[in-house]
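To be precise, the following lines are final-v8.cif, and they hold mmCIF, C-alpha atoms and all ligand atoms.
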data_run
#
loop_
_atom_site.label_atom_id
_atom_site.label_comp_id
_atom_site.auth_asym_id
_atom_site.auth_seq_id
_atom_site.Cartn_x
_atom_site.Cartn_y
_atom_site.Cartn_z
CA MET A 1029 80.11 147.08 102.01
CA SER A 1030 78.86 150.29 103.69
CA ASP A 1031 80.85 153.51 103.60
CA ALA A 1032 81.17 153.54 107.40
CA GLY A 1033 84.80 153.34 108.44
CA LEU A 1034 86.10 154.69 105.15
CA SER A 1035 88.37 157.72 105.11
CA PRO A 1036 86.99 160.84 103.37
CA ILE A 1037 89.09 160.15 100.28
CA GLU A 1038 87.92 156.54 100.15
CA ARG A 1039 84.30 157.62 100.55
CA GLU A 1040 84.77 160.09 97.73
CA ALA A 1041 86.28 157.33 95.58
CA MET A 1042 83.37 155.02 96.34
CA GLN A 1043 80.94 157.78 95.40
CA ALA A 1044 82.87 158.28 92.17
CA VAL A 1045 82.61 154.56 91.48
CA ARG A 1046 78.84 154.67 91.96
CA ALA A 1047 78.51 157.80 89.89
CA LYS A 1048 80.33 155.98 87.16
CA ASN A 1049 77.61 153.37 87.10
CA LEU A 1050 79.73 150.52 88.36
CA ARG A 1051 78.01 148.39 90.92
CA GLY A 1052 79.64 150.01 93.91
CA GLU A 1053 80.87 146.67 95.20
CA THR A 1054 84.19 146.10 96.83
CA TRP A 1055 85.89 142.93 95.70
CA PRO A 1056 87.78 140.70 98.12
CA ARG A 1057 91.47 141.28 98.57
CA PRO A 1058 93.69 138.41 97.47
CA PRO A 1059 95.37 136.50 100.30
CA HIS A 1060 98.77 137.63 99.05
CA ARG A 1061 99.76 140.44 96.75
CA ARG A 1062 99.51 139.17 93.17
CA VAL A 1063 102.29 140.17 90.79
CA VAL A 1064 100.94 139.75 87.27
CA THR A 1065 102.85 140.19 84.03
CA VAL A 1066 100.78 141.16 81.00
CA ALA A 1067 102.78 139.85 78.08
CA ASN A 1068 102.56 138.77 74.46
CA GLN A 1069 105.47 139.57 72.19
CA LYS A 1070 103.07 140.20 69.32
CA GLY A 1071 102.52 143.95 68.95
CA GLY A 1072 99.18 145.68 69.28
CA VAL A 1073 97.20 142.80 70.78
CA GLY A 1074 95.82 144.81 73.71
CA LYS A 1075 98.48 144.36 76.41
CA THR A 1076 98.45 147.98 77.51
CA THR A 1077 94.69 148.40 77.13
CA THR A 1078 94.18 145.26 79.21
CA THR A 1079 96.70 146.32 81.87
CA VAL A 1080 95.23 149.77 82.47
CA ASN A 1081 91.58 148.75 82.27
CA MET A 1082 91.96 145.73 84.52
CA ALA A 1083 93.95 147.94 86.90
CA ALA A 1084 91.27 150.63 86.95
CA ALA A 1085 88.47 148.10 87.38
CA LEU A 1086 90.25 146.52 90.36
CA ALA A 1087 91.10 149.88 91.93
CA LEU A 1088 87.55 151.21 91.53
CA HIS A 1089 86.32 148.13 93.38
CA GLY A 1090 88.41 148.87 96.42
CA LEU A 1091 91.69 147.12 95.63
CA GLY A 1092 95.14 148.69 95.64
CA VAL A 1093 96.88 148.39 92.27
CA LEU A 1094 100.33 149.37 91.07
CA VAL A 1095 100.96 149.37 87.32
CA ILE A 1096 104.59 149.10 86.29
CA ASP A 1097 105.03 150.45 82.78
CA LEU A 1098 107.83 148.38 81.28
CA ASP A 1099 107.42 149.60 77.72
CA PRO A 1100 109.57 152.51 76.45
CA GLN A 1101 106.51 153.66 74.47
CA GLY A 1102 104.98 154.61 77.83
CA ASN A 1103 101.44 153.88 76.63
CA ALA A 1104 100.24 152.63 80.03
CA SER A 1105 101.54 155.83 81.66
CA THR A 1106 99.67 157.91 79.07
CA ALA A 1107 96.44 155.98 79.55
CA LEU A 1108 96.63 156.49 83.31
CA GLY A 1109 97.17 160.23 82.88
CA ILE A 1110 100.75 160.05 84.19
CA ASP A 1111 103.45 162.38 82.92
CA HIS A 1112 106.34 160.47 81.34
CA HIS A 1113 108.48 163.04 79.56
CA VAL A 1114 112.22 162.40 79.38
CA GLY A 1115 113.77 162.90 82.81
CA THR A 1116 110.69 161.75 84.76
CA PRO A 1117 111.88 159.20 87.32
CA GLY A 1118 110.37 155.83 86.55
CA THR A 1119 110.99 152.25 85.51
CA TYR A 1120 114.39 153.00 83.99
CA ASP A 1121 115.64 154.33 87.34
CA VAL A 1122 114.22 151.30 89.13
CA LEU A 1123 115.96 148.83 86.81
CA LEU A 1124 119.23 150.65 86.24
CA GLY A 1125 119.54 153.48 88.76
CA GLY A 1126 118.79 151.70 92.02
CA ALA A 1127 115.66 153.81 92.64
CA ALA A 1128 112.96 152.35 94.90
CA ILE A 1129 109.52 151.71 93.44
CA HIS A 1130 107.82 153.72 96.21
CA ASP A 1131 109.96 156.75 95.34
CA VAL A 1132 108.98 156.85 91.66
CA ALA A 1133 105.37 155.57 91.73
CA VAL A 1134 102.77 158.23 90.93
CA GLN A 1135 99.09 158.21 91.87
CA SER A 1136 96.76 158.06 88.86
CA SER A 1137 93.84 160.43 88.48
CA GLU A 1138 91.73 157.33 87.73
CA SER A 1139 91.52 156.30 91.39
CA PRO A 1140 93.30 157.07 94.66
CA ARG A 1141 94.11 153.37 94.86
CA LEU A 1142 95.77 153.20 91.46
CA TRP A 1143 99.47 153.98 91.16
CA CYS A 1144 101.88 153.77 88.25
CA VAL A 1145 105.62 153.60 87.78
CA PRO A 1146 105.97 155.56 84.52
CA ALA A 1147 108.11 154.58 81.56
CA THR A 1148 110.10 157.13 79.61
CA ILE A 1149 111.86 156.71 76.31
CA ASP A 1150 115.10 156.19 78.31
CA LEU A 1151 113.88 152.64 78.71
CA ALA A 1152 114.53 152.05 75.00
CA GLY A 1153 118.21 151.50 75.78
CA ALA A 1154 117.58 149.41 78.87
CA ASP A 1155 117.77 146.05 77.10
CA ILE A 1156 121.36 146.74 76.05
CA GLU A 1157 122.33 148.36 79.35
CA LEU A 1158 120.83 145.50 81.33
CA ALA A 1159 122.75 142.98 79.23
CA MET A 1160 125.96 144.27 80.77
CA GLN A 1161 124.76 144.01 84.36
CA GLU A 1162 125.21 141.20 86.81
CA GLY A 1163 121.91 139.59 87.83
CA ARG A 1164 120.28 141.31 84.87
CA GLU A 1165 117.17 139.07 84.84
CA TYR A 1166 116.42 139.77 88.52
CA LYS A 1167 116.41 143.58 88.61
CA LEU A 1168 112.63 143.98 88.68
CA ARG A 1169 112.14 141.06 91.06
CA GLU A 1170 114.62 142.64 93.49
CA ALA A 1171 112.94 146.03 93.18
CA ILE A 1172 109.54 144.50 93.96
CA SER A 1173 110.93 142.68 96.98
CA ASN A 1174 112.41 145.98 98.22
CA PHE A 1175 109.16 147.82 97.60
CA ALA A 1176 108.29 149.20 101.03
CA GLU A 1177 106.13 152.28 101.59
CA LEU A 1178 102.78 151.87 99.84
CA ALA A 1179 103.49 148.19 99.35
CA ASP A 1180 101.06 146.91 101.97
CA GLN A 1181 98.22 148.84 100.28
CA MET A 1182 98.89 147.21 96.93
CA ASP A 1183 96.90 144.04 96.30
CA TYR A 1184 98.01 143.79 92.69
CA ILE A 1185 101.08 144.72 90.72
CA LEU A 1186 100.37 144.64 86.98
CA ILE A 1187 103.36 144.84 84.66
CA ASP A 1188 102.79 146.06 81.10
CA CYS A 1189 105.41 144.55 78.78
CA PRO A 1190 106.79 145.76 75.46
CA PRO A 1191 106.15 143.70 72.31
CA SER A 1192 109.33 141.64 72.48
CA LEU A 1193 110.86 138.81 74.45
CA GLY A 1194 113.97 140.79 75.39
CA LEU A 1195 115.42 141.47 78.81
CA LEU A 1196 112.60 143.81 79.86
CA THR A 1197 109.95 141.13 79.36
CA LEU A 1198 112.28 138.55 80.89
CA ASN A 1199 112.57 140.73 84.00
CA ALA A 1200 108.78 140.87 84.18
CA LEU A 1201 108.46 137.08 83.85
CA VAL A 1202 111.04 136.52 86.56
CA ALA A 1203 109.32 139.03 88.88
CA ALA A 1204 105.78 137.67 88.48
CA ASP A 1205 103.68 135.00 90.13
CA GLU A 1206 101.43 134.74 87.12
CA MET A 1207 100.94 135.89 83.56
CA LEU A 1208 97.94 137.41 81.89
CA ILE A 1209 98.13 136.88 78.13
CA PRO A 1210 95.89 139.04 75.94
CA ILE A 1211 95.12 137.40 72.61
CA GLN A 1212 93.61 139.39 69.79
CA CYS A 1213 90.71 137.69 68.01
CA GLU A 1214 92.36 138.15 64.62
CA TYR A 1215 94.14 136.23 61.94
CA TYR A 1216 97.71 135.31 63.01
CA ALA A 1217 96.63 135.72 66.64
CA LEU A 1218 98.03 132.34 67.59
CA GLU A 1219 101.23 132.83 65.68
CA GLY A 1220 104.06 133.48 68.08
CA LEU A 1221 102.16 132.03 71.01
CA ALA A 1222 104.22 128.84 70.90
CA GLN A 1223 107.35 130.94 71.21
CA LEU A 1224 105.87 132.81 74.16
CA LEU A 1225 104.96 129.56 75.91
CA THR A 1226 108.43 128.14 75.25
CA THR A 1227 109.90 131.23 76.87
CA VAL A 1228 107.59 130.78 79.86
CA GLN A 1229 108.76 127.16 80.21
CA MET A 1230 112.38 128.28 80.02
CA VAL A 1231 111.79 130.88 82.74
CA LYS A 1232 110.01 128.28 84.90
CA SER A 1233 112.88 125.82 84.55
CA HIS A 1234 115.72 128.24 85.18
CA LEU A 1235 114.66 131.52 86.72
CA ASN A 1236 111.21 131.46 88.35
CA SER A 1237 109.75 128.02 89.05
CA THR A 1238 106.45 129.38 90.39
CA LEU A 1239 105.45 131.34 87.27
CA GLU A 1240 102.01 130.33 85.97
CA VAL A 1241 99.94 131.31 82.97
CA GLY A 1242 97.08 132.41 85.21
CA SER A 1243 94.75 134.04 82.70
CA VAL A 1244 94.18 134.54 79.01
CA LEU A 1245 91.94 137.34 77.78
CA LEU A 1246 90.40 137.48 74.31
CA THR A 1247 90.58 141.05 73.02
CA MET A 1248 89.30 143.12 70.10
CA TYR A 1249 86.54 140.65 69.31
CA ASP A 1250 84.49 141.63 66.29
CA SER A 1251 81.17 139.77 66.33
CA ARG A 1252 80.68 140.43 62.62
CA THR A 1253 83.48 138.12 61.61
CA ARG A 1254 83.39 134.35 61.71
CA LEU A 1255 87.15 134.44 62.10
CA ALA A 1256 86.85 136.02 65.57
CA ASP A 1257 84.70 133.10 66.71
CA GLN A 1258 87.15 130.61 65.25
CA VAL A 1259 90.09 132.22 67.04
CA ALA A 1260 88.15 132.40 70.32
CA ALA A 1261 87.16 128.71 70.05
CA GLU A 1262 90.72 127.68 69.26
CA VAL A 1263 92.14 129.64 72.20
CA ARG A 1264 89.55 128.15 74.56
CA SER A 1265 90.26 124.63 73.38
CA HIS A 1266 93.98 125.16 73.88
CA PHE A 1267 93.95 126.99 77.23
CA GLY A 1268 90.69 125.73 78.77
CA ASP A 1269 89.54 127.39 81.99
CA VAL A 1270 92.50 129.73 82.06
CA VAL A 1271 90.66 131.84 79.47
CA LEU A 1272 88.51 134.47 81.18
CA ASP A 1273 84.81 134.22 80.29
CA ALA A 1274 84.44 137.87 79.30
CA VAL A 1275 85.54 138.68 75.76
CA ILE A 1276 86.57 142.28 75.06
CA PRO A 1277 84.77 143.67 72.01
CA ARG A 1278 86.43 145.90 69.46
CA SER A 1279 85.08 149.29 70.43
CA VAL A 1280 85.88 152.85 69.48
CA ARG A 1281 85.34 153.99 73.08
CA VAL A 1282 88.17 151.70 74.23
CA SER A 1283 90.58 153.17 71.69
CA GLU A 1284 89.51 156.77 72.37
CA ALA A 1285 90.03 156.71 76.13
CA PRO A 1286 93.88 156.97 76.20
CA GLY A 1287 93.63 160.20 74.19
CA TYR A 1288 92.00 161.71 77.27
CA GLY A 1289 94.54 160.20 79.68
CA GLN A 1290 91.84 157.83 80.90
CA THR A 1291 90.83 154.21 80.91
CA VAL A 1292 87.53 153.28 79.32
CA ILE A 1293 86.30 152.37 82.80
CA THR A 1294 86.15 156.06 83.75
CA TYR A 1295 85.87 157.51 80.23
CA ASP A 1296 82.62 155.70 79.46
CA ALA A 1297 81.67 153.32 82.23
CA GLY A 1298 78.49 152.15 80.53
CA SER A 1299 80.16 151.26 77.23
CA ARG A 1300 80.44 147.63 76.16
CA GLY A 1301 84.22 147.67 76.43
CA ALA A 1302 84.14 149.04 79.98
CA VAL A 1303 81.49 146.55 81.10
CA ARG A 1304 83.45 143.61 79.67
CA TYR A 1305 86.70 144.78 81.24
CA VAL A 1306 84.97 145.05 84.62
CA GLU A 1307 83.60 141.52 84.19
CA ALA A 1308 87.02 140.21 83.22
CA ALA A 1309 88.61 141.92 86.22
CA GLN A 1310 85.97 140.55 88.57
CA GLN A 1311 86.57 136.98 87.46
CA PHE A 1312 90.32 137.56 87.59
CA ALA A 1313 90.00 138.87 91.18
CA SER A 1314 87.64 136.09 92.28
CA ARG A 1315 90.01 133.31 91.27
CA HIS A 1316 92.29 134.00 94.16
CA ALA A 1317 89.54 135.04 96.53
CA VAL A 1318 88.23 131.45 96.24
CA THR A 1319 91.67 130.20 97.22
CA ALA A 1320 91.50 132.48 100.25
CA ASN A 1321 88.16 131.11 101.40
CA ASP A 1322 88.44 127.40 100.97
CA GLY A 1323 92.07 126.71 100.30
CA SER A 1324 91.44 125.15 96.88
CA ALA A 1325 92.98 126.47 93.71
CA SER A 1326 90.53 127.52 91.06
P1 LIG A 1401 102.17 147.16 71.88
O1 LIG A 1401 102.58 145.80 71.47
O2 LIG A 1401 102.53 148.23 70.90
O3 LIG A 1401 102.56 147.50 73.28
P2 LIG A 1401 99.63 146.46 72.94
O4 LIG A 1401 99.67 144.98 72.84
O5 LIG A 1401 99.91 147.07 74.24
O6 LIG A 1401 100.56 147.14 71.84
P3 LIG A 1401 97.38 148.19 72.83
O7 LIG A 1401 98.24 149.40 72.77
O8 LIG A 1401 96.64 147.93 74.09
O9 LIG A 1401 98.19 146.92 72.41
O10 LIG A 1401 96.31 148.22 71.65
C1 LIG A 1401 96.73 148.45 70.31
C2 LIG A 1401 95.78 149.47 69.68
O11 LIG A 1401 94.48 148.92 69.61
C3 LIG A 1401 95.66 150.76 70.46
O12 LIG A 1401 95.50 151.82 69.57
C4 LIG A 1401 94.41 150.55 71.28
O13 LIG A 1401 93.76 151.77 71.60
C5 LIG A 1401 93.56 149.71 70.34
N1 LIG A 1401 92.67 148.81 71.07
C6 LIG A 1401 92.98 147.95 72.07
N2 LIG A 1401 91.92 147.26 72.49
C7 LIG A 1401 90.88 147.70 71.73
C8 LIG A 1401 89.48 147.39 71.66
N3 LIG A 1401 88.94 146.48 72.48
N4 LIG A 1401 88.73 148.03 70.76
C9 LIG A 1401 89.27 148.94 69.93
N5 LIG A 1401 90.56 149.29 69.93
C10 LIG A 1401 91.36 148.69 70.81
MG MG A 1402 101.53 148.23 74.86
#
Hey, can you dump this file as structure tokens for me?
Amino acid sequence: MSDAGLSPIEREAMQAVRAKNLRGETWPRPPHRRVVTVANQKGGVGKTTTTVNMAAALALHGLGVLVIDLDPQGNASTALGIDHHVGTPGTYDVLLGGAAIHDVAVQSSESPRLWCVPATIDLAGADIELAMQEGREYKLREAISNFAELADQMDYILIDCPPSLGLLTLNALVAADEMLIPIQCEYYALEGLAQLLTTVQMVKSHLNSTLEVGSVLLTMYDSRTRLADQVAAEVRSHFGDVVLDAVIPRSVRVSEAPGYGQTVITYDAGSRGAVRYVEAAQQFASRHAVTANDGSAS
């Protein structure tokens, strides 16, 4: 795509993309906005890292992305350079204060197309507060359906979940069209997955019949261990084509980036972790672009 017809800010963003050694392509927009929940109740498997890096990769290739930080730890907000000190309006106010998403979303310094609804520590009490509310599983779904200003520019909404299957994650599963499950290439990686899939089935049967496990991403792969290969093979044999081809390597650059309020995509675009996240995001984006072109699911 040429830069003709782009606004000055878009042209600047495209130049930034090129300067960052990405290929300067724009990826096709999905036919409908995709609401994607990034979940795995196991802690530390790469949910947040996957959310922010996929989001940045999509945004830097011309797509509008909103990240909803649904974890009281606020790690996604940190990685996107978004302030989330106590009192910052964010996800808590959306779920429990009736705030609109467009009023609390903040633009990330990563890209003019990347926005984030920040999470503050207030969210830590949300599970209990939500439990007392009517329609408690539908709060996020309602907020997304009332999302107005900005909404038509957002091709993707990515929701970063906390490491639990409580009401926050349940809200994300009810709000989403699809799930992206990061699985760490480590011992015990598959433990707990059965419970996650049972929860997904329960949500499909009772709360959100259209929810799909759209993608699985293998994270923190260490090529020096045979175990990583075994886990990757087992995940692929269980999930088949749902597993994205790109495997995210364990890399210091990936873990350093949040310390600078950045994703690895902008922190070190040429690093192995950044390149693999861009590949994963491209395949993730192309799945629905195929649907747009020929009407077949892929
Ligand atoms: P939680 O369950 O606490 O929300 P999570 O599933 O969101 O955790 P992350 O926070 O993304 O997991 O990752 C856990 C830790 O591993 C972080 O310190 C992160 O920087 C690091 N990490 C994630 N992916 C990689 C990688 N590919 N290489 C090296 N370190 C990584
Ligand atoms: Mg996290």
Write as a ChimeraX atom specification the residues around ligand MG 1402 (chain A), taking 8 Å as the cut-off and counting only C-alpha atoms and all ligand atoms.
/A:1071-1072,1074-1077,1099,1101-1104,1188-1191
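Among the candidates A:Thr1291, A:Ser1243, A:Gln1161, A:Ser1136, the one nearest to ligand LIG 1401 (chain A) when counting only C-alpha atoms and all ligand atoms is A:Thr1291.
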Between A:Pro1100, A:Gly1092, A:Pro1056, A:Pro1140, single out the one closest to ligand LIG 1401 (chain A), counting only C-alpha atoms and all ligand atoms.
A:Pro1100
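The space between atom CA of A:His1266 and atom CA of A:Val1095 spans 28.6 Å.
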Report, in Å with one decimal, the straight-line distance from atom CA of A:Thr1054 to atom CA of A:Asn1081.
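The value is 16.5 Å.
Picture a line from atom CA of A:Glu1240 to atom CA of A:Lys1070; it runs 19.4 Å.
Shortest atom-to-atom contact with A:Ala1179 among A:Asp1296, A:Ala1128, A:Tyr1120, A:Arg1254: A:Ala1128, counting only C-alpha atoms.
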Pick from A:Ala1200, A:Met1160, A:Leu1245, A:Ile1172 nearest to ligand LIG 1401 (chain A), counting only C-alpha atoms and all ligand atoms:
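The closest residue to ligand LIG 1401 (chain A) is A:Leu1245.
Nearest residue to ligand LIG 1401 (chain A), choosing from A:Ala1285, A:Ala1154, A:Met1182, A:Val1122 and counting all atoms listed in the file: A:Ala1285.
Distances here use all atoms listed in the file; by that measure, the residue among A:Asn1236, A:Thr1119, A:Thr1247, A:Ser1299 closest to ligand LIG 1401 (chain A) is A:Thr1247.
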Protein/DNA/RNA residues near (96.5, 137.6, 72.7), cut 9 Å, all atoms listed in the file, as JSON, numbers by chain:
{"A": [1067, 1068, 1070, 1073, 1074, 1075, 1209, 1210, 1211, 1212, 1213, 1217, 1218, 1221, 1244, 1245, 1246, 1247]}
When you look at A:Leu1094 with a cut-off of 12 Å (counting only C-alpha atoms), what residues show up, excluding the ones that are within fewer than 6 positions of it in the same chain? I need them as number ranges by chain.
A: 1061-1065, 1079-1080, 1082-1084, 1086-1087, 1104-1105, 1108, 1129-1130, 1132-1136, 1139-1146, 1172, 1175, 1178-1188
If I put a ball of radius 12 Å at (86.4, 137.1, 89.5) in the file's coordinates, which residues poke into it when counting all atoms listed in the file, written as JSON, numbers by chain?
{"A": [1054, 1055, 1056, 1057, 1058, 1082, 1085, 1086, 1089, 1243, 1272, 1273, 1274, 1305, 1306, 1307, 1308, 1309, 1310, 1311, 1312, 1313, 1314, 1315, 1316, 1317, 1318, 1319, 1326]}
Taking all atoms of stretch 1295-1304 of chain A that the file lists and extending 5 Å past them on each side, where is the centre of the axis-aligned box and how long are its edges? Answer in Å to one decimal, as AutoDock Vina command-line options.
--center_x 82.2 --center_y 150.6 --center_z 79.2 --size_x 17.4 --size_y 23.9 --size_z 16.1
